[in-house]
$ cat query.cif   # mmCIF, C-alpha atoms
data_start
#
loop_
_atom_site.label_atom_id
_atom_site.label_comp_id
_atom_site.auth_asym_id
_atom_site.auth_seq_id
_atom_site.Cartn_x
_atom_site.Cartn_y
_atom_site.Cartn_z
CA MET R 71 34.13 22.80 -56.25
CA THR R 72 35.42 23.62 -52.78
CA HIS R 73 34.51 21.58 -49.77
CA ARG R 74 33.35 23.52 -46.67
CA PRO R 75 34.38 22.05 -43.34
CA ASN R 76 31.60 20.83 -41.07
CA HIS R 77 33.21 22.27 -37.94
CA TYR R 78 34.94 25.54 -37.27
CA VAL R 79 38.12 25.39 -35.14
CA ASP R 80 39.14 28.56 -33.36
CA PRO R 81 42.92 29.04 -33.78
CA ALA R 82 43.16 30.96 -30.48
CA PRO R 83 44.69 29.09 -27.53
CA TYR R 84 42.33 27.38 -25.13
CA ASP R 85 41.46 29.40 -22.03
CA PRO R 86 39.82 27.32 -19.24
CA ALA R 87 38.34 30.45 -17.67
CA GLU R 88 36.14 30.92 -20.75
CA ASP R 89 34.77 27.37 -20.74
CA ILE R 90 31.36 27.30 -19.06
CA ARG R 91 31.90 23.67 -18.15
CA THR R 92 34.90 24.59 -16.01
CA PRO R 93 34.20 24.83 -12.24
CA GLY R 94 34.51 28.42 -11.07
CA HIS R 95 33.14 29.91 -14.29
CA PRO R 96 31.05 33.05 -13.49
CA ASP R 97 27.92 31.59 -15.10
CA LEU R 98 28.09 28.63 -12.74
CA ASP R 99 28.63 30.77 -9.64
CA VAL R 100 25.55 32.99 -10.16
CA PRO R 101 23.12 32.63 -7.22
CA ASN R 102 19.85 30.90 -7.99
CA ARG R 103 17.82 34.00 -7.07
CA VAL R 104 19.64 35.99 -9.76
CA LEU R 105 18.81 33.39 -12.40
CA ILE R 106 15.18 33.40 -11.26
CA TRP R 107 14.97 37.19 -11.48
CA HIS R 108 16.56 37.34 -14.96
CA ARG R 109 14.11 34.75 -16.19
CA PHE R 110 11.11 36.35 -14.51
CA LYS R 111 11.74 39.91 -15.77
CA ARG R 112 11.55 38.68 -19.37
CA TYR R 113 7.85 37.95 -18.77
CA LYS R 114 6.54 41.51 -18.93
CA PRO R 115 2.92 40.80 -17.88
CA GLY R 116 4.23 39.11 -14.72
CA VAL R 117 6.53 42.05 -13.88
CA ILE R 118 3.76 44.62 -14.41
CA SER R 119 1.34 42.50 -12.37
CA GLY R 120 3.87 42.15 -9.56
CA ILE R 121 4.37 45.92 -9.39
CA PHE R 122 0.61 46.51 -9.45
CA LEU R 123 -0.03 44.02 -6.63
CA ALA R 124 2.88 45.34 -4.56
CA LEU R 125 1.51 48.89 -4.81
CA SER R 126 -2.00 47.64 -4.00
CA TYR R 127 -0.90 45.90 -0.81
CA LEU R 128 1.38 48.77 0.24
CA MET R 129 -1.60 51.11 -0.14
CA LEU R 130 -3.84 49.14 2.24
CA PRO R 131 -2.62 50.65 5.55
CA PHE R 132 -2.97 54.16 4.08
CA ALA R 133 -6.36 53.74 2.39
CA GLY R 134 -7.99 56.15 4.84
CA PHE R 135 -5.37 58.80 4.11
CA ILE R 136 -5.72 58.48 0.32
CA ALA R 137 -9.52 58.37 0.33
CA PRO R 138 -11.20 61.81 0.52
CA TYR R 139 -14.13 60.39 2.51
CA THR R 140 -14.75 57.63 5.02
CA PRO R 141 -16.50 54.51 3.66
CA ASN R 142 -19.92 55.12 5.23
CA GLU R 143 -19.96 58.92 4.99
CA ARG R 144 -23.24 59.91 3.31
CA HIS R 145 -24.19 62.95 1.26
CA ALA R 146 -27.97 63.14 1.21
CA ALA R 147 -27.97 65.86 -1.46
CA HIS R 148 -25.85 63.81 -3.86
CA LEU R 149 -27.56 60.44 -4.32
CA TYR R 150 -26.18 58.67 -7.39
CA ALA R 151 -23.88 61.63 -8.08
CA THR R 152 -22.05 61.38 -11.39
CA PRO R 153 -18.24 61.00 -11.50
CA GLN R 154 -16.47 64.36 -11.32
CA MET R 155 -13.45 65.08 -13.48
CA VAL R 156 -10.47 66.90 -11.99
CA HIS R 157 -9.43 69.86 -14.16
CA LEU R 158 -6.25 71.94 -14.24
CA PHE R 159 -7.12 74.91 -16.47
CA HIS R 160 -10.03 77.28 -15.93
CA GLU R 161 -10.90 79.82 -18.63
CA GLY R 162 -7.51 79.30 -20.24
CA GLN R 163 -5.54 79.82 -17.03
CA PHE R 164 -3.73 77.16 -15.01
CA ILE R 165 -5.03 77.21 -11.44
CA GLY R 166 -4.18 73.68 -10.28
CA PRO R 167 -6.46 70.68 -9.64
CA TYR R 168 -10.11 71.67 -9.18
CA VAL R 169 -13.65 70.38 -9.73
CA TYR R 170 -16.89 72.03 -10.71
CA PRO R 171 -19.58 72.03 -8.00
CA ILE R 172 -22.60 69.92 -8.93
CA THR R 173 -26.28 70.36 -8.07
CA ALA R 174 -28.88 67.58 -8.14
CA GLU R 175 -32.08 67.88 -10.13
CA ALA R 176 -34.91 65.34 -10.31
CA ASP R 177 -35.75 64.17 -13.83
CA LEU R 178 -39.47 63.41 -13.49
CA VAL R 179 -39.69 62.16 -17.07
CA ASN R 180 -37.06 59.43 -16.81
CA PHE R 181 -37.31 59.08 -13.01
CA ARG R 182 -33.64 59.62 -12.32
CA TRP R 183 -31.30 62.10 -10.70
CA THR R 184 -29.35 64.41 -12.99
CA TYR R 185 -26.51 66.70 -11.93
CA ILE R 186 -25.72 70.13 -13.33
CA GLN R 187 -22.16 71.48 -13.15
CA ASP R 188 -21.52 75.07 -12.18
CA ARG R 189 -18.82 75.79 -14.76
CA LYS R 190 -18.39 79.36 -13.59
CA THR R 191 -17.04 78.28 -10.22
CA ALA R 192 -13.74 76.42 -9.92
CA ALA R 193 -13.52 74.63 -6.56
CA ARG R 194 -9.80 74.00 -6.01
CA LEU R 195 -8.91 70.84 -4.14
CA GLU R 196 -7.32 71.12 -0.72
CA TRP R 197 -4.22 69.02 -0.03
CA PHE R 198 -3.25 67.38 3.27
CA CYS R 199 -6.50 68.56 4.77
CA GLU R 200 -8.60 67.57 7.77
CA GLY R 201 -11.69 65.40 7.41
CA HIS R 202 -13.57 62.65 9.19
CA THR R 203 -11.59 60.46 11.59
CA TYR R 204 -10.30 57.02 10.57
CA ASN R 205 -7.66 54.59 11.83
CA LEU R 206 -4.34 54.84 10.03
CA MET R 207 -2.73 51.40 9.71
CA GLY R 208 -5.75 50.05 11.54
CA PHE R 209 -5.00 51.42 15.01
CA ILE R 210 -3.74 55.06 14.80
CA PRO R 211 -6.62 57.60 14.95
CA SER R 212 -6.17 60.31 12.34
CA ASP R 213 -8.22 62.89 10.45
CA ALA R 214 -5.61 63.80 7.81
CA HIS R 215 -6.52 63.18 4.16
CA LEU R 216 -4.42 63.50 1.04
CA PHE R 217 -6.97 65.74 -0.67
CA CYS R 218 -10.45 67.10 0.05
CA ALA R 219 -13.08 69.17 -1.69
CA PRO R 220 -13.52 72.76 -0.48
CA GLU R 221 -16.63 73.77 1.44
CA GLY R 222 -19.70 73.80 -0.77
CA ALA R 223 -18.28 71.28 -3.26
CA THR R 224 -17.74 67.54 -3.50
CA VAL R 225 -15.09 65.36 -5.11
CA PHE R 226 -16.66 62.10 -6.31
CA LEU R 227 -13.94 60.80 -8.63
CA TRP R 228 -15.92 57.65 -9.48
CA GLY R 229 -19.38 58.90 -8.55
CA ALA R 230 -21.60 58.14 -5.57
CA ASP R 231 -23.93 55.25 -4.78
CA ARG R 232 -27.61 55.14 -3.83
CA LEU R 233 -26.89 56.54 -0.35
CA GLY R 234 -24.55 59.29 -1.54
CA ARG R 235 -21.36 57.48 -0.47
CA ASP R 236 -18.18 58.06 -2.47
CA ILE R 237 -17.45 54.95 -4.57
CA PHE R 238 -13.73 55.72 -4.92
CA SER R 239 -13.27 55.90 -1.14
CA ARG R 240 -15.30 52.74 -0.58
CA ILE R 241 -13.24 50.80 -3.13
CA LEU R 242 -10.04 51.80 -1.31
CA TYR R 243 -11.47 50.73 2.04
CA GLY R 244 -12.94 47.57 0.52
CA ALA R 245 -9.49 46.55 -0.70
CA GLN R 246 -8.40 46.19 2.93
CA LEU R 247 -10.79 43.26 3.42
CA SER R 248 -10.97 41.81 -0.10
CA LEU R 249 -7.19 41.61 -0.56
CA THR R 250 -6.49 40.42 2.99
CA VAL R 251 -9.01 37.58 2.96
CA GLY R 252 -6.92 35.79 0.32
CA LEU R 253 -3.75 35.95 2.43
CA ILE R 254 -5.46 34.56 5.54
CA GLY R 255 -7.27 31.88 3.56
CA ILE R 256 -4.13 30.71 1.76
CA THR R 257 -2.26 30.54 5.09
CA VAL R 258 -4.90 28.20 6.51
CA SER R 259 -5.00 26.17 3.29
CA PHE R 260 -1.22 25.75 3.17
CA LEU R 261 -0.88 24.76 6.82
CA LEU R 262 -3.49 22.03 6.37
CA GLY R 263 -2.48 20.97 2.86
CA ILE R 264 1.24 20.66 3.53
CA SER R 265 0.78 18.99 6.92
CA ILE R 266 -1.88 16.45 5.91
CA GLY R 267 -0.48 15.82 2.42
CA GLY R 268 3.06 15.48 3.77
CA ILE R 269 2.01 12.95 6.41
CA ALA R 270 0.07 10.89 3.86
CA GLY R 271 2.88 10.88 1.30
CA TYR R 272 5.72 10.21 3.74
CA PHE R 273 4.16 7.45 5.85
CA GLY R 274 1.88 5.88 3.21
CA GLY R 275 -0.09 2.78 4.12
CA ARG R 276 -3.32 3.16 6.06
CA VAL R 277 -2.58 6.79 6.85
CA ASP R 278 -2.36 7.57 3.14
CA TRP R 279 -5.50 5.55 2.41
CA GLY R 280 -7.50 7.41 5.08
CA VAL R 281 -6.34 10.83 3.95
CA GLN R 282 -7.13 10.02 0.33
CA ARG R 283 -10.68 8.99 1.18
CA VAL R 284 -11.26 12.22 3.12
CA ILE R 285 -9.91 14.27 0.20
CA GLU R 286 -12.11 12.42 -2.28
CA ILE R 287 -15.20 13.06 -0.15
CA LEU R 288 -14.43 16.77 0.19
CA ARG R 289 -13.66 17.19 -3.52
CA SER R 290 -16.85 15.39 -4.52
CA LEU R 291 -19.01 17.94 -2.71
CA PRO R 292 -20.20 20.87 -4.88
CA GLU R 293 -18.10 23.84 -3.87
CA LEU R 294 -20.56 26.71 -4.11
CA PRO R 295 -23.42 25.04 -2.16
CA LEU R 296 -20.91 24.02 0.51
CA TRP R 297 -19.72 27.62 0.76
CA LEU R 298 -23.29 28.80 1.07
CA ALA R 299 -24.14 26.24 3.75
CA LEU R 300 -21.10 27.08 5.88
CA SER R 301 -21.58 30.82 5.47
CA ALA R 302 -25.28 30.60 6.34
CA ALA R 303 -24.29 28.92 9.62
CA VAL R 304 -22.45 32.07 10.75
CA PRO R 305 -24.63 33.83 13.37
CA GLY R 306 -26.16 37.02 12.02
CA HIS R 307 -25.43 38.99 15.20
CA TRP R 308 -21.65 38.60 14.89
CA GLY R 309 -19.66 41.73 14.16
CA PRO R 310 -17.84 42.43 10.88
CA GLY R 311 -14.47 41.39 12.31
CA ALA R 312 -15.69 37.98 13.46
CA VAL R 313 -17.51 37.33 10.17
CA PHE R 314 -14.41 38.31 8.19
CA PHE R 315 -12.26 35.89 10.19
CA ILE R 316 -14.75 33.04 9.81
CA ILE R 317 -15.13 33.61 6.06
CA SER R 318 -11.33 33.50 5.69
CA ILE R 319 -11.17 30.23 7.64
CA ILE R 320 -13.99 28.72 5.56
CA LEU R 321 -12.22 29.58 2.30
CA GLY R 322 -9.00 28.05 3.61
CA LEU R 323 -10.71 24.87 4.85
CA LEU R 324 -12.28 24.23 1.46
CA ASP R 325 -9.09 24.84 -0.53
CA TRP R 326 -6.58 22.50 1.14
CA PRO R 327 -7.52 19.11 -0.45
CA GLY R 328 -6.05 20.02 -3.86
CA LEU R 329 -2.77 21.13 -2.33
CA ALA R 330 -2.63 18.09 -0.04
CA ARG R 331 -2.97 15.76 -3.02
CA ALA R 332 -0.14 17.56 -4.86
CA VAL R 333 2.13 17.42 -1.79
CA ARG R 334 1.35 13.71 -1.30
CA SER R 335 2.32 12.84 -4.88
CA LYS R 336 5.60 14.75 -4.57
CA PHE R 337 6.45 13.04 -1.30
CA LEU R 338 5.72 9.61 -2.74
CA ALA R 339 8.21 10.32 -5.53
CA LEU R 340 10.90 11.81 -3.30
CA ARG R 341 10.81 9.57 -0.23
CA GLU R 342 12.69 6.78 -2.04
CA GLU R 343 15.54 9.06 -3.11
CA GLU R 344 19.01 8.41 -1.74
CA PHE R 345 19.31 11.72 0.13
CA VAL R 346 16.11 10.92 2.05
CA ARG R 347 17.32 7.42 2.93
CA ALA R 348 20.66 8.86 4.02
CA ALA R 349 18.96 11.35 6.33
CA GLU R 350 16.84 8.58 7.86
CA MET R 351 19.88 6.36 8.39
CA MET R 352 21.64 9.23 10.18
CA GLY R 353 18.76 9.37 12.67
CA ALA R 354 16.74 12.30 11.32
CA ARG R 355 13.18 12.30 12.57
CA PRO R 356 10.25 12.40 10.12
CA ARG R 357 9.52 16.04 10.89
CA ARG R 358 13.08 17.04 10.05
CA VAL R 359 13.15 14.91 6.90
CA ILE R 360 9.92 16.54 5.70
CA SER R 361 10.84 20.12 6.56
CA ARG R 362 14.56 20.10 5.66
CA HIS R 363 14.81 17.61 2.81
CA LEU R 364 11.44 17.05 1.11
CA LEU R 365 9.67 20.41 1.13
CA PRO R 366 12.62 22.47 -0.22
CA ASN R 367 12.74 20.22 -3.30
CA PHE R 368 9.45 21.55 -4.63
CA SER R 369 9.19 24.93 -2.93
CA SER R 370 8.84 26.55 -6.35
CA HIS R 371 5.66 24.55 -6.95
CA LEU R 372 4.29 25.64 -3.56
CA ILE R 373 5.00 29.32 -4.22
CA ALA R 374 3.31 29.21 -7.62
CA SER R 375 0.33 27.35 -6.14
CA ALA R 376 -0.04 29.95 -3.40
CA ILE R 377 -0.01 32.85 -5.85
CA LEU R 378 -2.57 31.15 -8.11
CA SER R 379 -4.85 30.23 -5.18
CA ILE R 380 -5.20 33.76 -3.78
CA PRO R 381 -7.47 35.04 -6.60
CA ALA R 382 -9.79 32.08 -6.04
CA MET R 383 -10.09 33.15 -2.39
CA ILE R 384 -10.82 36.74 -3.39
CA LEU R 385 -13.48 35.60 -5.84
CA GLY R 386 -14.94 33.32 -3.17
CA GLU R 387 -15.34 36.18 -0.69
CA THR R 388 -16.74 38.44 -3.42
CA ALA R 389 -19.28 35.80 -4.45
CA LEU R 390 -20.42 35.14 -0.88
CA SER R 391 -20.72 38.83 -0.06
CA PHE R 392 -22.53 39.47 -3.34
CA LEU R 393 -25.07 36.79 -2.42
CA GLY R 394 -25.47 38.31 1.04
CA LEU R 395 -23.90 35.35 2.88
CA GLY R 396 -20.41 36.76 3.41
CA LEU R 397 -19.44 40.11 4.85
CA ARG R 398 -22.32 42.41 5.55
CA THR R 399 -22.86 46.13 6.03
CA PRO R 400 -21.34 48.10 7.79
CA ALA R 401 -18.27 46.13 6.66
CA VAL R 402 -16.95 47.32 3.32
CA SER R 403 -15.55 44.93 0.72
CA TRP R 404 -15.81 44.70 -3.04
CA GLY R 405 -18.38 41.94 -2.69
CA VAL R 406 -20.52 44.04 -0.33
CA MET R 407 -20.37 46.93 -2.79
CA LEU R 408 -21.45 44.68 -5.65
CA ASN R 409 -24.30 43.40 -3.49
CA ASP R 410 -25.51 46.99 -3.14
CA ALA R 411 -25.28 47.42 -6.93
CA GLN R 412 -26.97 44.20 -8.05
CA ASN R 413 -30.09 46.02 -9.25
CA LEU R 414 -29.68 45.87 -13.03
CA ALA R 415 -32.10 48.72 -13.58
CA SER R 416 -29.99 50.99 -11.39
CA ILE R 417 -26.81 49.93 -13.16
CA GLU R 418 -28.37 50.77 -16.52
CA ILE R 419 -29.19 54.28 -15.32
CA TYR R 420 -26.13 54.79 -13.11
CA PRO R 421 -23.40 52.57 -14.64
CA TRP R 422 -20.66 53.84 -12.31
CA THR R 423 -22.24 51.91 -9.43
CA ALA R 424 -20.80 48.73 -11.03
CA LEU R 425 -17.21 50.04 -10.83
CA PRO R 426 -16.33 47.76 -7.86
CA MET R 427 -16.11 44.87 -10.34
CA LEU R 428 -13.14 46.59 -12.02
CA PRO R 429 -10.62 46.10 -9.16
CA VAL R 430 -11.79 42.49 -8.78
CA VAL R 431 -11.03 41.79 -12.45
CA LEU R 432 -7.68 43.61 -12.34
CA VAL R 433 -6.48 41.89 -9.17
CA VAL R 434 -7.49 38.40 -10.33
CA LEU R 435 -5.76 38.89 -13.69
CA ALA R 436 -2.67 40.30 -11.98
CA PHE R 437 -2.38 37.29 -9.66
CA ASN R 438 -2.78 34.91 -12.59
CA PHE R 439 -0.10 36.66 -14.66
CA LEU R 440 2.22 36.80 -11.64
CA GLY R 441 1.64 33.12 -10.90
CA ASP R 442 2.37 32.13 -14.50
CA GLY R 443 5.59 34.13 -14.46
CA LEU R 444 6.76 32.63 -11.16
CA ARG R 445 5.89 29.11 -12.26
CA GLU R 446 8.17 29.48 -15.29
CA SER R 447 10.99 31.41 -13.63
CA LEU R 448 11.34 29.39 -10.42
CA ASP R 449 12.92 26.65 -12.53
CA PRO R 450 15.67 28.70 -14.24
CA TYR R 451 17.33 25.67 -15.83
CA SER R 452 14.25 24.52 -17.72
CA ASP R 453 14.03 24.98 -21.47
CA ASP R 454 12.30 28.15 -22.75
#
$ encode --input "query.cif" --output "structure tokens"
Amino acid sequence: MTHRPNHYVDPAPYDPAEDIRTPGHPDLDVPNRVLIWHRFKRYKPGVISGIFLALSYLMLPFAGFIAPYTPNERHAAHLYATPQMVHLFHEGQFIGPYVYPITAEADLVNFRWTYIQDRKTAARLEWFCEGHTYNLMGFIPSDAHLFCAPEGATVFLWGADRLGRDIFSRILYGAQLSLTVGLIGITVSFLLGISIGGIAGYFGGRVDWGVQRVIEILRSLPELPLWLALSAAVPGHWGPGAVFFIISIILGLLDWPGLARAVRSKFLALREEEFVRAAEMMGARPRRVISRHLLPNFSSHLIASAILSIPAMILGETALSFLGLGLRTPAVSWGVMLNDAQNLASIEIYPWTALPMLPVVLVVLAFNFLGDGLRESLDPYSDD
């Protein structure tokens, strides 16, 4: 019976360049960002979510160009119009993208609007056409649209609402407010959370005790009633821009205690480290110690927290606007659109009026997947 050796010894001569433990080995000289990217791209839901969110935010300045109609443009003859499908072939012949004109008829039996398609007429879509004026990138007046319906026809890709407004166009315009409110809110939250939590964790003592009591009081208050109370205090005569700014500030003010507590705990653990003591002995001021030595040591945690907090802000704005205490008409956001579609009887008859909930669900899921991927990949040396 032969005895198998426990260890295999390679007869080839030792080459230090191939030993990963040797300084100068390529695997040790790879920048940290490369390791993070290689780890992140293995998490496919996070990559797909990142691409989706990047395209969504890049689309925001050009929403008016992509949308065939302006957000409050009404079509009195097409109330609750059904979604129209874009076709390519008509009577067996390729003629390019077109829609069938639709005509409204009142159903007096079921008390609803029904729409009949004129399948003999193919209304070809017009590209790079002129329409109603909007502000490109928020400040450049323009009337150019990517596509439009020809005269005598409409193009309601996702149907129309109770006032005959195109739902697809309104969702694109609503993204400008609903996606931006999270960025403004998280900026306010991070400025307060990092500043207050950093001061409490670095100095400790009575400062820490006072900050902790304030955080405990704020976290003990029920979140939704507090949102409602603060939102109800906003004057009703304020314009959409002022209300949007105040709602963003409110969401940020109510979100910072959790981040401040996390920053405080990290600072308490790091402030006794040797590199912090060395910086203090060399005369570094507290602000420099915090910004140059403490914060960079858990920046990955801050980035992941920011990504995961944005969907909560978006849901907060949507909930407030849905309840009528956030943004109001004529402002357009996903929450405002859901407020217009909260009649369950109308949704049962015209289900496409509930489509604004779809981008809310997709964006929230995308941010959560992206946050999970970043949380894992920002520490490339952790075990899988």
$ closest_residue --input "query.cif" --among "R:Trp183, R:Gly274, R:Gly396, R:Ala193" --to "R:Ile165" --atoms "only C-alpha atoms"
R:Ala193
$ resolve_selection --input "query.cif" --expression "the PyMOL selection byres ((chain R and resi 202) around 9)" --output "PDB file with C-alpha atoms, in the frame of the given file"
ATOM      1  CA  TYR R 139     -14.130  60.390   2.510  1.00  0.00           C
ATOM      2  CA  THR R 140     -14.750  57.630   5.020  1.00  0.00           C
ATOM      3  CA  GLU R 143     -19.960  58.920   4.990  1.00  0.00           C
ATOM      4  CA  GLU R 200      -8.600  67.570   7.770  1.00  0.00           C
ATOM      5  CA  GLY R 201     -11.690  65.400   7.410  1.00  0.00           C
ATOM      6  CA  THR R 203     -11.590  60.460  11.590  1.00  0.00           C
ATOM      7  CA  TYR R 204     -10.300  57.020  10.570  1.00  0.00           C
ATOM      8  CA  SER R 212      -6.170  60.310  12.340  1.00  0.00           C
ATOM      9  CA  ASP R 213      -8.220  62.890  10.450  1.00  0.00           C
ATOM     10  CA  ALA R 214      -5.610  63.800   7.810  1.00  0.00           C
ATOM     11  CA  HIS R 215      -6.520  63.180   4.160  1.00  0.00           C
TER      12      HIS R 215
END
$ residues_around --input "query.cif" --residues "R:Leu262" --least-positions-apart "3" --cutoff "12 Å" --atoms "all atoms listed in the file" --output "PyMOL selection string"
chain R and resi 255-259+265-270+281+285+319+322-331+333
$ atom_distance --input "query.cif" --atom1 "atom CA of R:Trp279" --atom2 "atom CA of R:Leu291"
19.0 Å
$ atom_distance --input "query.cif" --atom1 "atom CA of R:Ser379" --atom2 "atom CA of R:Val304"
23.8 Å
$ resolve_selection --input "query.cif" --expression "the PyMOL selection byres ((chain R and resi 293) around 12)" --output "ChimeraX atom specification"
/R:287-292,294-300,320-321,323-325,382,386,390
$ atom_distance --input "query.cif" --atom1 "atom CA of R:Leu158" --atom2 "atom CA of R:Tyr185"
21.1 Å
$ residues_around --input "query.cif" --residues "R:Arg362" --least-positions-apart "6" --cutoff "12 Å" --atoms "all atoms listed in the file" --output "NGL selection string"
:R and (345-346 or 349-350 or 354-356 or 368-369)
$ resolve_selection --input "query.cif" --expression "the PyMOL selection byres ((chain R and resi 119) around 7)" --output "count of residues only"
12
$ residues_around --input "query.cif" --residues "R:Ile172" --least-positions-apart "5" --cutoff "10 Å" --atoms "all atoms listed in the file" --output "mmCIF file with C-alpha atoms, keeping the file's coordinate frame"
data_model
loop_
_atom_site.group_PDB
_atom_site.id
_atom_site.type_symbol
_atom_site.label_atom_id
_atom_site.label_comp_id
_atom_site.auth_asym_id
_atom_site.auth_seq_id
_atom_site.Cartn_x
_atom_site.Cartn_y
_atom_site.Cartn_z
ATOM 1 C CA HIS R 148 -25.850 63.810 -3.860
ATOM 2 C CA ALA R 151 -23.880 61.630 -8.080
ATOM 3 C CA THR R 152 -22.050 61.380 -11.390
ATOM 4 C CA GLN R 154 -16.470 64.360 -11.320
ATOM 5 C CA THR R 184 -29.350 64.410 -12.990
ATOM 6 C CA TYR R 185 -26.510 66.700 -11.930
ATOM 7 C CA ILE R 186 -25.720 70.130 -13.330
ATOM 8 C CA GLN R 187 -22.160 71.480 -13.150
ATOM 9 C CA ASP R 188 -21.520 75.070 -12.180
ATOM 10 C CA ARG R 189 -18.820 75.790 -14.760
ATOM 11 C CA GLY R 222 -19.700 73.800 -0.770
ATOM 12 C CA ALA R 223 -18.280 71.280 -3.260
ATOM 13 C CA THR R 224 -17.740 67.540 -3.500
ATOM 14 C CA VAL R 225 -15.090 65.360 -5.110
#
$ residues_around --input "query.cif" --residues "R:Val431" --least-positions-apart "6" --cutoff "12 Å" --atoms "all atoms listed in the file" --output "list in words"
Pro381, Ala382, Ile384, Leu385, Thr388, Trp404, Leu425, Phe437 and Asn438 of chain R
$ closest_residue --input "query.cif" --among "R:Pro400, R:Gly162, R:Pro429, R:Arg232" --to "R:Asn413" --atoms "only C-alpha atoms"
R:Arg232
$ closest_residue --input "query.cif" --among "R:Ala302, R:Leu195, R:Leu149, R:Ile380" --to "R:Tyr420" --atoms "only C-alpha atoms"
R:Leu149
$ closest_residue --input "query.cif" --among "R:Asn180, R:Asn142, R:Ser370, R:Thr191" --to "R:Ile241" --atoms "all atoms listed in the file"
R:Asn142
$ residues_around --input "query.cif" --residues "R:Leu233" --least-positions-apart "5" --cutoff "8 Å" --atoms "all atoms listed in the file" --output "tab-separated table (two decimals) with C-alpha atoms, in the frame of the given file"
chain	number	residue	atom	x	y	z
R	144	ARG	CA	-23.24	59.91	3.31
R	145	HIS	CA	-24.19	62.95	1.26
R	146	ALA	CA	-27.97	63.14	1.21
R	149	LEU	CA	-27.56	60.44	-4.32
R	150	TYR	CA	-26.18	58.67	-7.39
$ closest_residue --input "query.cif" --among "R:Ala174, R:Leu397, R:Leu414, R:Val433" --to "R:Gly234" --atoms "only C-alpha atoms"
R:Ala174
$ build_atoms --input "query.cif" --residues "stretch 232-246 of chain R" --atoms "N, CA and C atoms" --output "PDB file, in the coordinates of the input"
ATOM      1  N   ARG R 232     -26.205  54.792  -4.099  1.00  0.00           N
ATOM      2  CA  ARG R 232     -27.610  55.140  -3.830  1.00  0.00           C
ATOM      3  C   ARG R 232     -27.788  55.889  -2.513  1.00  0.00           C
ATOM      4  N   LEU R 233     -26.807  55.829  -1.626  1.00  0.00           N
ATOM      5  CA  LEU R 233     -26.890  56.540  -0.350  1.00  0.00           C
ATOM      6  C   LEU R 233     -25.994  57.778  -0.329  1.00  0.00           C
ATOM      7  N   GLY R 234     -25.412  58.123  -1.479  1.00  0.00           N
ATOM      8  CA  GLY R 234     -24.550  59.290  -1.540  1.00  0.00           C
ATOM      9  C   GLY R 234     -23.157  59.049  -0.980  1.00  0.00           C
ATOM     10  N   ARG R 235     -22.697  57.802  -0.961  1.00  0.00           N
ATOM     11  CA  ARG R 235     -21.360  57.480  -0.470  1.00  0.00           C
ATOM     12  C   ARG R 235     -20.379  57.449  -1.643  1.00  0.00           C
ATOM     13  N   ASP R 236     -19.179  57.966  -1.415  1.00  0.00           N
ATOM     14  CA  ASP R 236     -18.180  58.060  -2.470  1.00  0.00           C
ATOM     15  C   ASP R 236     -17.674  56.674  -2.852  1.00  0.00           C
ATOM     16  N   ILE R 237     -17.834  56.291  -4.114  1.00  0.00           N
ATOM     17  CA  ILE R 237     -17.450  54.950  -4.570  1.00  0.00           C
ATOM     18  C   ILE R 237     -15.931  54.784  -4.551  1.00  0.00           C
ATOM     19  N   PHE R 238     -15.194  55.804  -4.925  1.00  0.00           N
ATOM     20  CA  PHE R 238     -13.730  55.720  -4.920  1.00  0.00           C
ATOM     21  C   PHE R 238     -13.209  55.423  -3.522  1.00  0.00           C
ATOM     22  N   SER R 239     -13.714  56.139  -2.523  1.00  0.00           N
ATOM     23  CA  SER R 239     -13.270  55.900  -1.140  1.00  0.00           C
ATOM     24  C   SER R 239     -13.657  54.514  -0.668  1.00  0.00           C
ATOM     25  N   ARG R 240     -14.853  54.059  -1.018  1.00  0.00           N
ATOM     26  CA  ARG R 240     -15.300  52.740  -0.580  1.00  0.00           C
ATOM     27  C   ARG R 240     -14.491  51.627  -1.242  1.00  0.00           C
ATOM     28  N   ILE R 241     -14.070  51.816  -2.478  1.00  0.00           N
ATOM     29  CA  ILE R 241     -13.240  50.800  -3.130  1.00  0.00           C
ATOM     30  C   ILE R 241     -11.879  50.698  -2.429  1.00  0.00           C
ATOM     31  N   LEU R 242     -11.315  51.838  -2.027  1.00  0.00           N
ATOM     32  CA  LEU R 242     -10.040  51.800  -1.310  1.00  0.00           C
ATOM     33  C   LEU R 242     -10.189  51.091   0.031  1.00  0.00           C
ATOM     34  N   TYR R 243     -11.242  51.412   0.766  1.00  0.00           N
ATOM     35  CA  TYR R 243     -11.470  50.730   2.040  1.00  0.00           C
ATOM     36  C   TYR R 243     -11.817  49.260   1.832  1.00  0.00           C
ATOM     37  N   GLY R 244     -12.579  48.963   0.785  1.00  0.00           N
ATOM     38  CA  GLY R 244     -12.940  47.570   0.520  1.00  0.00           C
ATOM     39  C   GLY R 244     -11.746  46.710   0.186  1.00  0.00           C
ATOM     40  N   ALA R 245     -10.697  47.314  -0.392  1.00  0.00           N
ATOM     41  CA  ALA R 245      -9.490  46.550  -0.700  1.00  0.00           C
ATOM     42  C   ALA R 245      -8.847  45.989   0.563  1.00  0.00           C
ATOM     43  N   GLN R 246      -9.004  46.668   1.689  1.00  0.00           N
ATOM     44  CA  GLN R 246      -8.400  46.190   2.930  1.00  0.00           C
ATOM     45  C   GLN R 246      -8.929  44.810   3.317  1.00  0.00           C
TER      46      GLN R 246
END
